[in-house]
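Worksheet: one structure, shown below.
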Amino acid sequence: MAADCVKLVEVGARDGLQNEAAHVPVSIKIELIERLANAGLPVVEATSFVSPKWVPQMADAAEVLSGLQRKPGVSYPVLVPNLQGLERAHRAGADYVAVFTAASDAFARKNINCTIADSLRRIQPLTARAKALGIPVRGYVSCVLGCPYQGDVPIADVVRVAATLAEMGCCEISLGDTIGIGTPVQARAVVQAVAEVVPIDAIAVHFHDTRGQALANIYACIEQGVRSIDASVAGLGGCPYAYGASGNVATEDLVYLLHGLGMQTGVNLDALIETSHWMSGKLGREPASKLARVKTTN
Ligand code: HMG
Ligand code: MG
């Protein structure tokens, strides 16, 4: 990818809607994903094939994924926690999946009911099966800058988990500040350390904006050469098992920053802002992003 191009991975339909208390109908989820693709987002994470007992909001994953009108050139990854999830996703037509674990055992236990080591043992056959099916796998590492249950997370633990996922064949490793606790110096240090074991163009960053640090952290990571960034329209997001976490960095705020830096995203900002208002209206609230709330008339 050219140095001035950034690939945005839109996670609102998954990270955002997994956390909504109100029921969001399948038709709205599908319209959201299609609007995001039409606004120029190249990667739109669609849903997750996790246990509906754990995350009832994603119980409709198969209907959402199979009901989509896919836009050529856009990818629609879905989260899968285990082989059962992968097989469900495959049957629903998934052609890109994402596995997820953490750099903190305490968080892994809360989120996926096992240790990091057990989760990696679960991911190993999953990546092998995905390879046999010709499905690329993205890997998420949560709590890279801190954990709501454990506190500090040593960088060495992040590096070890990221390296293992890459060895298992994950094409991209997304480093998640799940609870939005980090600041730019820490974000830079983690990216530098992971880049020792995973090529920089296979590293993505995923910042929740709980403490308003996401854009500053992203800027620090861009300076290190990161060119794949997760974001969520209207700043939707959160993890039901990450106590106190708020939404992801808002895609529209991020696009504004990137375009201001002279970087290309392929995103139509007006269409994105319109989608931000549309989705927030469906949820009965204002967008959490700054940009969508800018007043342009008296
Ligand atoms: P468990 O209870 O230990 O597993 O859950 P289990 O194998 O005993 O399964 C329990 C029940 O769930 C069984 O049903 C299974 O069949 C079923 P029963 O026999 O009781 O009727 N089940 C499934 N059903 C459908 N699809 C599946 C599936 N798997 C099991 N794939 C498990 C372990 C991992 C499944 C569970 O803990 C889970 O689903 N966790 C997901 C939690 C989650 O989705 N969290 C949010 C996503 S991660 C995130 O947001 C962070 C991220 O954004 C990055 C960041 O911000 O850091 C990615
Ligand atoms: Mg997240």
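Going by the structure tokens order, chains are called A, B, ..., each with residues numbered from 1, while ligands are numbered from 1 in the order shown.
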Closest atom pairs, residues of chain A within 9 Å of ligand 2, only C-alpha atoms and all ligand atoms, as a tab-separated table:
residue	atom	partner	partner_atom_place_in_ligand_line	distance
A:Val11	CA	ligand 2	1 (Mg)	8.0
A:Arg14	CA	ligand 2	1 (Mg)	8.8
A:Asp15	CA	ligand 2	1 (Mg)	5.5
A:Gly16	CA	ligand 2	1 (Mg)	8.2
A:Tyr140	CA	ligand 2	1 (Mg)	8.9
A:Ser142	CA	ligand 2	1 (Mg)	7.6
A:Gly176	CA	ligand 2	1 (Mg)	6.5
A:Asp177	CA	ligand 2	1 (Mg)	7.6
A:Thr178	CA	ligand 2	1 (Mg)	5.3
A:Ile179	CA	ligand 2	1 (Mg)	8.2
A:His206	CA	ligand 2	1 (Mg)	6.6
A:Phe207	CA	ligand 2	1 (Mg)	7.3
A:His208	CA	ligand 2	1 (Mg)	6.5
A:Asp230	CA	ligand 2	1 (Mg)	8.7
A:Gly237	CA	ligand 2	1 (Mg)	6.7
A:Gly238	CA	ligand 2	1 (Mg)	5.8
A:Cys239	CA	ligand 2	1 (Mg)	6.1
A:Ala245	CA	ligand 2	1 (Mg)	9.0
A:Gly247	CA	ligand 2	1 (Mg)	7.8
A:Asn248	CA	ligand 2	1 (Mg)	6.6
Using the chain letters and numbers from this document, which residues of region 155-280 of chain A does DSSP assign to alpha helix (DSSP H), as an MDAnalysis selection string? chainID A and resid 155:167 184:194 214:223 251:260 269:280
Polymer residues at most 9 Å from Gly67 (chain A), only C-alpha atoms, same-chain spacing of 6 or more positions, as a PyMOL selection string: chain A and resi 26-27+30
Neighbours of region 194-201 of chain A within 9 Å (only C-alpha atoms; same-chain residues fewer than 5 positions away dropped), as a list in words? Met1, Ile155, Ala156, Val158, Val159, Arg160, Ala162, Ala163, Ala166, Glu172, Ile173, Ala189, Gln224, Gly225, Val226, Arg227 and Ser228 of chain A
Would you kindly return, as a VMD selection string, each protein, DNA or RNA residue with an atom no farther than 12 Å from any atom of Leu83 (chain A), considering only C-alpha atoms and excluding same-chain residues fewer than 6 positions away? chain A and resid 49 to 51 89 to 90 97 to 99 119 121 to 130
Give me the residues near Leu36 (chain A) as an MDAnalysis selection string, where near means some atom within 8 Å (using only C-alpha atoms) and where sequence neighbours in that chain fewer than 6 positions away do not count. chainID A and resid 10 44 272 275
Write the residues of the selection above to a file with C-alpha atoms, as a CSV table (one decimal), in the first residue's frame.
chain,number,residue,atom,x,y,z
A,10,GLU,CA,-15.1,-0.3,9.8
A,44,VAL,CA,-16.8,-3.6,6.7
A,272,LEU,CA,-20.3,8.7,6.0
A,275,THR,CA,-24.8,7.3,7.7
DSSP-assigned strand (DSSP E or B) members of region 114-223 of chain A, reported as a PyMOL selection string: chain A and resi 137-142+147+151+172-177+203-208
Let's have the selection written as a compact mmCIF listing (two decimals), in the first residue's frame, with all heavy atoms.
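Result file out-v2.txt:
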# COMPACT_ATOMS: atom_id res chain seq x y z
N VAL A 137 -7.72 -15.13 7.51
CA VAL A 137 -8.05 -14.92 8.93
C VAL A 137 -7.31 -13.69 9.45
O VAL A 137 -6.10 -13.57 9.30
CB VAL A 137 -7.63 -16.14 9.78
CG1 VAL A 137 -8.03 -15.94 11.24
CG2 VAL A 137 -8.23 -17.43 9.23
N ARG A 138 -8.06 -12.80 10.07
CA ARG A 138 -7.48 -11.66 10.77
C ARG A 138 -7.40 -12.05 12.24
O ARG A 138 -8.21 -12.84 12.73
CB ARG A 138 -8.43 -10.48 10.58
CG ARG A 138 -7.96 -9.16 11.11
CD ARG A 138 -8.94 -8.05 10.69
NE ARG A 138 -8.24 -6.78 10.63
CZ ARG A 138 -8.53 -5.74 11.39
NH1 ARG A 138 -9.52 -5.80 12.26
NH2 ARG A 138 -7.84 -4.62 11.28
N GLY A 139 -6.46 -11.48 12.99
CA GLY A 139 -6.34 -11.80 14.41
C GLY A 139 -6.41 -10.54 15.26
O GLY A 139 -5.75 -9.55 14.96
N TYR A 140 -7.24 -10.59 16.29
CA TYR A 140 -7.33 -9.46 17.24
C TYR A 140 -6.61 -9.83 18.53
O TYR A 140 -6.79 -10.93 19.06
CB TYR A 140 -8.78 -9.21 17.63
CG TYR A 140 -9.63 -8.41 16.68
CD1 TYR A 140 -10.57 -9.03 15.87
CD2 TYR A 140 -9.53 -7.02 16.62
CE1 TYR A 140 -11.39 -8.31 15.02
CE2 TYR A 140 -10.36 -6.29 15.78
CZ TYR A 140 -11.28 -6.93 14.99
OH TYR A 140 -12.10 -6.20 14.16
N VAL A 141 -5.87 -8.88 19.06
CA VAL A 141 -5.34 -9.02 20.42
C VAL A 141 -5.95 -7.90 21.25
O VAL A 141 -5.74 -6.72 20.96
CB VAL A 141 -3.80 -8.90 20.46
CG1 VAL A 141 -3.29 -9.21 21.87
CG2 VAL A 141 -3.14 -9.80 19.43
N SER A 142 -6.72 -8.26 22.27
CA SER A 142 -7.36 -7.24 23.12
C SER A 142 -6.47 -6.85 24.28
O SER A 142 -5.55 -7.58 24.66
CB SER A 142 -8.68 -7.77 23.67
OG SER A 142 -9.66 -7.83 22.65
N CYS A 147 -5.81 -3.62 30.99
CA CYS A 147 -6.93 -4.56 31.15
C CYS A 147 -7.83 -4.09 32.30
O CYS A 147 -7.33 -3.67 33.34
CB CYS A 147 -6.36 -5.95 31.47
SG CYS A 147 -7.61 -7.13 31.99
N GLY A 151 -5.25 -4.85 35.12
CA GLY A 151 -4.46 -3.61 35.22
C GLY A 151 -3.44 -3.55 34.10
O GLY A 151 -3.77 -3.78 32.93
N GLU A 172 -3.38 -10.39 9.22
CA GLU A 172 -3.26 -9.07 9.84
C GLU A 172 -3.54 -9.22 11.33
O GLU A 172 -4.40 -9.99 11.72
CB GLU A 172 -4.28 -8.11 9.20
CG GLU A 172 -4.21 -6.69 9.72
CD GLU A 172 -5.01 -5.72 8.86
OE1 GLU A 172 -6.22 -5.58 9.10
OE2 GLU A 172 -4.42 -5.10 7.96
N ILE A 173 -2.79 -8.47 12.13
CA ILE A 173 -2.99 -8.52 13.57
C ILE A 173 -3.47 -7.15 14.02
O ILE A 173 -2.78 -6.14 13.84
CB ILE A 173 -1.66 -8.84 14.32
CG1 ILE A 173 -0.97 -10.08 13.74
CG2 ILE A 173 -1.93 -8.99 15.83
CD1 ILE A 173 -1.72 -11.38 13.89
N SER A 174 -4.67 -7.12 14.60
CA SER A 174 -5.23 -5.85 15.08
C SER A 174 -4.99 -5.73 16.57
O SER A 174 -5.45 -6.57 17.36
CB SER A 174 -6.73 -5.79 14.76
OG SER A 174 -7.27 -4.60 15.28
N LEU A 175 -4.28 -4.68 16.95
CA LEU A 175 -3.92 -4.47 18.36
C LEU A 175 -4.99 -3.60 19.01
O LEU A 175 -5.17 -2.44 18.63
CB LEU A 175 -2.55 -3.80 18.45
CG LEU A 175 -1.40 -4.56 17.75
CD1 LEU A 175 -0.12 -3.72 17.76
CD2 LEU A 175 -1.17 -5.91 18.43
N GLY A 176 -5.70 -4.16 19.98
CA GLY A 176 -6.85 -3.47 20.54
C GLY A 176 -6.60 -2.83 21.89
O GLY A 176 -6.19 -3.49 22.83
N ASP A 177 -6.88 -1.52 21.95
CA ASP A 177 -6.95 -0.86 23.26
C ASP A 177 -8.43 -0.91 23.65
O ASP A 177 -9.18 0.06 23.51
CB ASP A 177 -6.43 0.58 23.17
CG ASP A 177 -6.43 1.27 24.53
OD1 ASP A 177 -6.65 0.58 25.55
OD2 ASP A 177 -6.25 2.50 24.58
N ILE A 203 0.16 -5.03 10.59
CA ILE A 203 -0.31 -4.58 11.91
C ILE A 203 -1.43 -3.55 11.71
O ILE A 203 -1.30 -2.61 10.92
CB ILE A 203 0.82 -3.95 12.73
CG1 ILE A 203 1.92 -4.98 13.02
CG2 ILE A 203 0.28 -3.35 14.03
CD1 ILE A 203 3.13 -4.42 13.74
N ALA A 204 -2.54 -3.78 12.42
CA ALA A 204 -3.63 -2.79 12.45
C ALA A 204 -3.79 -2.32 13.89
O ALA A 204 -3.31 -2.99 14.82
CB ALA A 204 -4.93 -3.42 11.94
N VAL A 205 -4.44 -1.19 14.06
CA VAL A 205 -4.71 -0.72 15.43
C VAL A 205 -6.20 -0.49 15.62
O VAL A 205 -6.92 -0.15 14.67
CB VAL A 205 -3.90 0.55 15.78
CG1 VAL A 205 -2.42 0.20 15.94
CG2 VAL A 205 -4.09 1.65 14.74
N HIS A 206 -6.64 -0.67 16.85
CA HIS A 206 -8.08 -0.69 17.17
C HIS A 206 -8.24 0.03 18.51
O HIS A 206 -8.03 -0.55 19.57
CB HIS A 206 -8.50 -2.17 17.26
CG HIS A 206 -9.91 -2.44 17.63
ND1 HIS A 206 -10.84 -2.98 16.75
CD2 HIS A 206 -10.59 -2.30 18.80
CE1 HIS A 206 -12.00 -3.16 17.36
NE2 HIS A 206 -11.87 -2.75 18.62
N PHE A 207 -8.59 1.31 18.42
CA PHE A 207 -8.66 2.10 19.65
C PHE A 207 -10.10 2.41 20.03
O PHE A 207 -10.85 2.98 19.24
CB PHE A 207 -7.90 3.42 19.48
CG PHE A 207 -6.42 3.24 19.47
CD1 PHE A 207 -5.69 3.29 18.30
CD2 PHE A 207 -5.74 2.97 20.67
CE1 PHE A 207 -4.32 3.09 18.30
CE2 PHE A 207 -4.36 2.77 20.67
CZ PHE A 207 -3.65 2.84 19.49
N HIS A 208 -10.44 2.06 21.25
CA HIS A 208 -11.67 2.59 21.83
C HIS A 208 -11.31 3.96 22.41
O HIS A 208 -10.15 4.24 22.74
CB HIS A 208 -12.21 1.62 22.89
CG HIS A 208 -12.83 0.40 22.24
ND1 HIS A 208 -14.18 0.25 22.11
CD2 HIS A 208 -12.27 -0.69 21.64
CE1 HIS A 208 -14.44 -0.89 21.47
NE2 HIS A 208 -13.29 -1.48 21.17
From the list A:Asn19, A:Asn113, A:Ser289, A:Gln186, which residue is nearest ligand 1 when using only C-alpha atoms and all ligand atoms?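 Selected residue with least distance to ligand 1: A:Asn113.
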Pick from A:Leu283, A:Val267, A:Met58, A:Ala92: nearest to Ala22 (chain A), with only C-alpha atoms counted?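 The closest residue to Ala22 (chain A) is A:Leu283.
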Determine the nearest neighbour of ligand 1 from the options A:Ser246, A:Ser75, A:Gln69, A:Gln192, counting only C-alpha atoms and all ligand atoms. A:Ser246
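For the residues A:Asn111, A:Thr47, A:Thr164, A:Gln57, ranking by smallest atom-to-atom distance to ligand 1 using only C-alpha atoms and all ligand atoms places A:Asn111 first.
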By how many Å are atom 35 (C, counted along the ligand's line) of ligand 1 and CA of Gln84 (chain A) apart?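 Answer for the atom 35 (C, counted along the ligand's line) of ligand 1 to CA of Gln84 (chain A) separation: 8.4 Å.
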Would you pick out the contacts of Pro72 (chain A) at 12 Å or less, using only C-alpha atoms, so that residues sharing its chain but fewer than 5 positions from it are not included, and give the list as an MDAnalysis selection string? chainID A and resid 34 37:38 40:43
